[in-house]
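Q: Mind looking over this structure? Questions follow.
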Amino acid sequence: MQFYLVYIREAHPSDGWHPDKTIVVKDPTTDTERAEVAGTCVANLNLPFPAVLDKMDNKVGLDYDAWPDRFFLIDPAGVIAWHSAPGPAGFKPDLLRQAIFDLLAAPAPAEPTPPTR
């Protein structure tokens, strides 16, 4: 099992709505700027797993309805097995933990049967 942080668009940039002034980040306008902000985030959080970057078209964030933040559990077939409600109120680590155990306890998917001729 592998964990990733997917860095999507900035939720509270300094040049947009933000609830406080403790973290001041201007909204990136290029992939390079977003990568720099994401790198700072990952370094400050000291994450024990890799991070990947959504591009400026925000396709991943939009496809997964991931803004402002959310947990997703993807099964080995690439299907969403579980997702949290939007964060931070939707962050319920115990529910994610249970979903992981449920997924690991599930029987392996059957191998596809080759077509007969």
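Naming works like this for the structure tokens: A, B, ... for the chains as they're shown, residue 1 at the start of each chain, ligands 1 onward in shown order.
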Could you pull the residues within 10 Å of Asp31 in chain A, counting only C-alpha atoms, minus those fewer than 6 positions along the same chain, as a short mmCIF file (atom, residue, chain, number, x, y, z; two decimals) with C-alpha atoms, in the first residue's frame?

A:
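The resulting file, around-v2.cif, is reproduced below:
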data_model
loop_
_atom_site.label_atom_id
_atom_site.label_comp_id
_atom_site.auth_asym_id
_atom_site.auth_seq_id
_atom_site.Cartn_x
_atom_site.Cartn_y
_atom_site.Cartn_z
CA VAL A 37 4.86 26.10 -3.02
CA LEU A 53 1.47 17.81 -8.14
CA ASP A 54 -1.79 18.68 -9.86
CA LYS A 55 -1.14 20.82 -12.93
CA MET A 56 -2.43 24.36 -13.33
CA ASP A 57 -5.54 23.08 -15.15
#

Q: Would you mind listing what lies within 12 Å of Val6 in chain A as JSON, numbers by chain, with only C-alpha atoms counted and same-chain residues fewer than 4 positions away left out?

A: {"A": [10, 34, 35, 38, 39, 41, 42, 49, 50, 51, 52, 53, 54, 55, 58, 59, 60, 61, 64, 66, 67, 68, 69, 70, 71, 72]}

Q: Would you output that residue set with N, CA and C atoms, as a PDB file, in the first residue's frame?

A:
ATOM      1  N   GLU A  10      -4.023  26.137  -4.385  1.00  0.00           N
ATOM      2  CA  GLU A  10      -3.902  26.710  -3.050  1.00  0.00           C
ATOM      3  C   GLU A  10      -5.285  27.080  -2.526  1.00  0.00           C
ATOM      4  N   ARG A  34       3.775  26.510  -8.616  1.00  0.00           N
ATOM      5  CA  ARG A  34       3.011  25.564  -7.794  1.00  0.00           C
ATOM      6  C   ARG A  34       3.934  24.515  -7.207  1.00  0.00           C
ATOM      7  N   ALA A  35       4.890  24.046  -7.991  1.00  0.00           N
ATOM      8  CA  ALA A  35       5.840  23.043  -7.500  1.00  0.00           C
ATOM      9  C   ALA A  35       6.668  23.602  -6.348  1.00  0.00           C
ATOM     10  N   ALA A  38       4.365  23.733  -3.302  1.00  0.00           N
ATOM     11  CA  ALA A  38       4.135  22.363  -2.846  1.00  0.00           C
ATOM     12  C   ALA A  38       5.371  21.822  -2.133  1.00  0.00           C
ATOM     13  N   GLY A  39       6.547  22.113  -2.674  1.00  0.00           N
ATOM     14  CA  GLY A  39       7.790  21.666  -2.046  1.00  0.00           C
ATOM     15  C   GLY A  39       7.961  22.238  -0.656  1.00  0.00           C
ATOM     16  N   CYS A  41       5.493  23.202   1.285  1.00  0.00           N
ATOM     17  CA  CYS A  41       4.464  22.540   2.108  1.00  0.00           C
ATOM     18  C   CYS A  41       4.956  21.173   2.565  1.00  0.00           C
ATOM     19  N   VAL A  42       5.455  20.384   1.646  1.00  0.00           N
ATOM     20  CA  VAL A  42       5.921  19.030   1.973  1.00  0.00           C
ATOM     21  C   VAL A  42       7.070  19.089   2.975  1.00  0.00           C
ATOM     22  N   PHE A  49       5.777  10.337   3.212  1.00  0.00           N
ATOM     23  CA  PHE A  49       5.376   9.722   1.952  1.00  0.00           C
ATOM     24  C   PHE A  49       5.519  10.745   0.829  1.00  0.00           C
ATOM     25  N   PRO A  50       5.543  10.277  -0.422  1.00  0.00           N
ATOM     26  CA  PRO A  50       5.767  11.193  -1.540  1.00  0.00           C
ATOM     27  C   PRO A  50       4.554  12.080  -1.832  1.00  0.00           C
ATOM     28  N   ALA A  51       4.837  13.165  -2.511  1.00  0.00           N
ATOM     29  CA  ALA A  51       3.796  14.077  -2.967  1.00  0.00           C
ATOM     30  C   ALA A  51       3.851  14.162  -4.480  1.00  0.00           C
ATOM     31  N   VAL A  52       2.691  14.345  -5.080  1.00  0.00           N
ATOM     32  CA  VAL A  52       2.593  14.578  -6.523  1.00  0.00           C
ATOM     33  C   VAL A  52       1.840  15.885  -6.715  1.00  0.00           C
ATOM     34  N   LEU A  53       1.953  16.453  -7.886  1.00  0.00           N
ATOM     35  CA  LEU A  53       1.472  17.810  -8.135  1.00  0.00           C
ATOM     36  C   LEU A  53       0.383  17.821  -9.189  1.00  0.00           C
ATOM     37  N   ASP A  54      -0.759  18.424  -8.874  1.00  0.00           N
ATOM     38  CA  ASP A  54      -1.793  18.681  -9.861  1.00  0.00           C
ATOM     39  C   ASP A  54      -1.300  19.828 -10.743  1.00  0.00           C
ATOM     40  N   LYS A  55      -1.562  19.751 -12.010  1.00  0.00           N
ATOM     41  CA  LYS A  55      -1.136  20.816 -12.929  1.00  0.00           C
ATOM     42  C   LYS A  55      -2.051  22.031 -12.785  1.00  0.00           C
ATOM     43  N   ASN A  58      -5.814  22.100 -12.921  1.00  0.00           N
ATOM     44  CA  ASN A  58      -6.532  21.596 -11.738  1.00  0.00           C
ATOM     45  C   ASN A  58      -7.388  20.368 -12.032  1.00  0.00           C
ATOM     46  N   LYS A  59      -7.006  19.590 -13.040  1.00  0.00           N
ATOM     47  CA  LYS A  59      -7.800  18.431 -13.459  1.00  0.00           C
ATOM     48  C   LYS A  59      -8.014  17.426 -12.329  1.00  0.00           C
ATOM     49  N   VAL A  60      -6.960  17.094 -11.603  1.00  0.00           N
ATOM     50  CA  VAL A  60      -7.098  16.112 -10.523  1.00  0.00           C
ATOM     51  C   VAL A  60      -8.031  16.645  -9.441  1.00  0.00           C
ATOM     52  N   GLY A  61      -7.811  17.867  -9.020  1.00  0.00           N
ATOM     53  CA  GLY A  61      -8.669  18.462  -7.993  1.00  0.00           C
ATOM     54  C   GLY A  61     -10.123  18.520  -8.423  1.00  0.00           C
ATOM     55  N   TYR A  64     -11.678  14.817  -8.793  1.00  0.00           N
ATOM     56  CA  TYR A  64     -11.912  14.164  -7.509  1.00  0.00           C
ATOM     57  C   TYR A  64     -12.710  15.041  -6.537  1.00  0.00           C
ATOM     58  N   ALA A  66     -11.730  17.508  -4.903  1.00  0.00           N
ATOM     59  CA  ALA A  66     -10.804  17.426  -3.770  1.00  0.00           C
ATOM     60  C   ALA A  66     -10.602  18.731  -3.008  1.00  0.00           C
ATOM     61  N   TRP A  67     -11.163  19.839  -3.471  1.00  0.00           N
ATOM     62  CA  TRP A  67     -10.944  21.098  -2.788  1.00  0.00           C
ATOM     63  C   TRP A  67     -11.939  21.240  -1.662  1.00  0.00           C
ATOM     64  N   PRO A  68     -11.602  21.683  -0.485  1.00  0.00           N
ATOM     65  CA  PRO A  68     -10.285  22.170  -0.131  1.00  0.00           C
ATOM     66  C   PRO A  68      -9.299  21.046   0.176  1.00  0.00           C
ATOM     67  N   ASP A  69      -9.751  19.954   0.719  1.00  0.00           N
ATOM     68  CA  ASP A  69      -8.882  18.807   0.962  1.00  0.00           C
ATOM     69  C   ASP A  69      -9.760  17.619   1.304  1.00  0.00           C
ATOM     70  N   ARG A  70      -9.212  16.441   1.041  1.00  0.00           N
ATOM     71  CA  ARG A  70     -10.013  15.230   1.220  1.00  0.00           C
ATOM     72  C   ARG A  70      -9.096  14.016   1.214  1.00  0.00           C
ATOM     73  N   PHE A  71      -9.535  12.939   1.876  1.00  0.00           N
ATOM     74  CA  PHE A  71      -8.824  11.658   1.823  1.00  0.00           C
ATOM     75  C   PHE A  71      -9.512  10.763   0.799  1.00  0.00           C
ATOM     76  N   PHE A  72      -8.703  10.058  -0.011  1.00  0.00           N
ATOM     77  CA  PHE A  72      -9.218   9.060  -0.944  1.00  0.00           C
ATOM     78  C   PHE A  72      -8.452   7.767  -0.751  1.00  0.00           C
TER      79      PHE A  72
END

Q: Any idea what's packed within 12 Å of range 91-105 of chain A, counting only C-alpha atoms, ignoring anything in its chain fewer than 2 positions away? Could you give it as a ChimeraX atom specification?

A: /A:1-3,68-77,79-89,107-109

Q: Please indicate the distance in Å from CA of Arg9 in chain A to CA of Thr30 in chain A, rounded to one decimal place.

A: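 Pair CA of Arg9 in chain A / CA of Thr30 in chain A returns 11.0 Å.
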
Q: When you draw a straight line from CA of Asn46 in chain A to CA of Gly90 in chain A, how long is it in Å?

A: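 Computing the Euclidean distance for CA of Asn46 in chain A and CA of Gly90 in chain A yields 22.3 Å.
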
Q: Please report the interatomic distance between CA of Leu47 in chain A and CA of Gly78 in chain A in Å with one decimal.

A: 23.3 Å
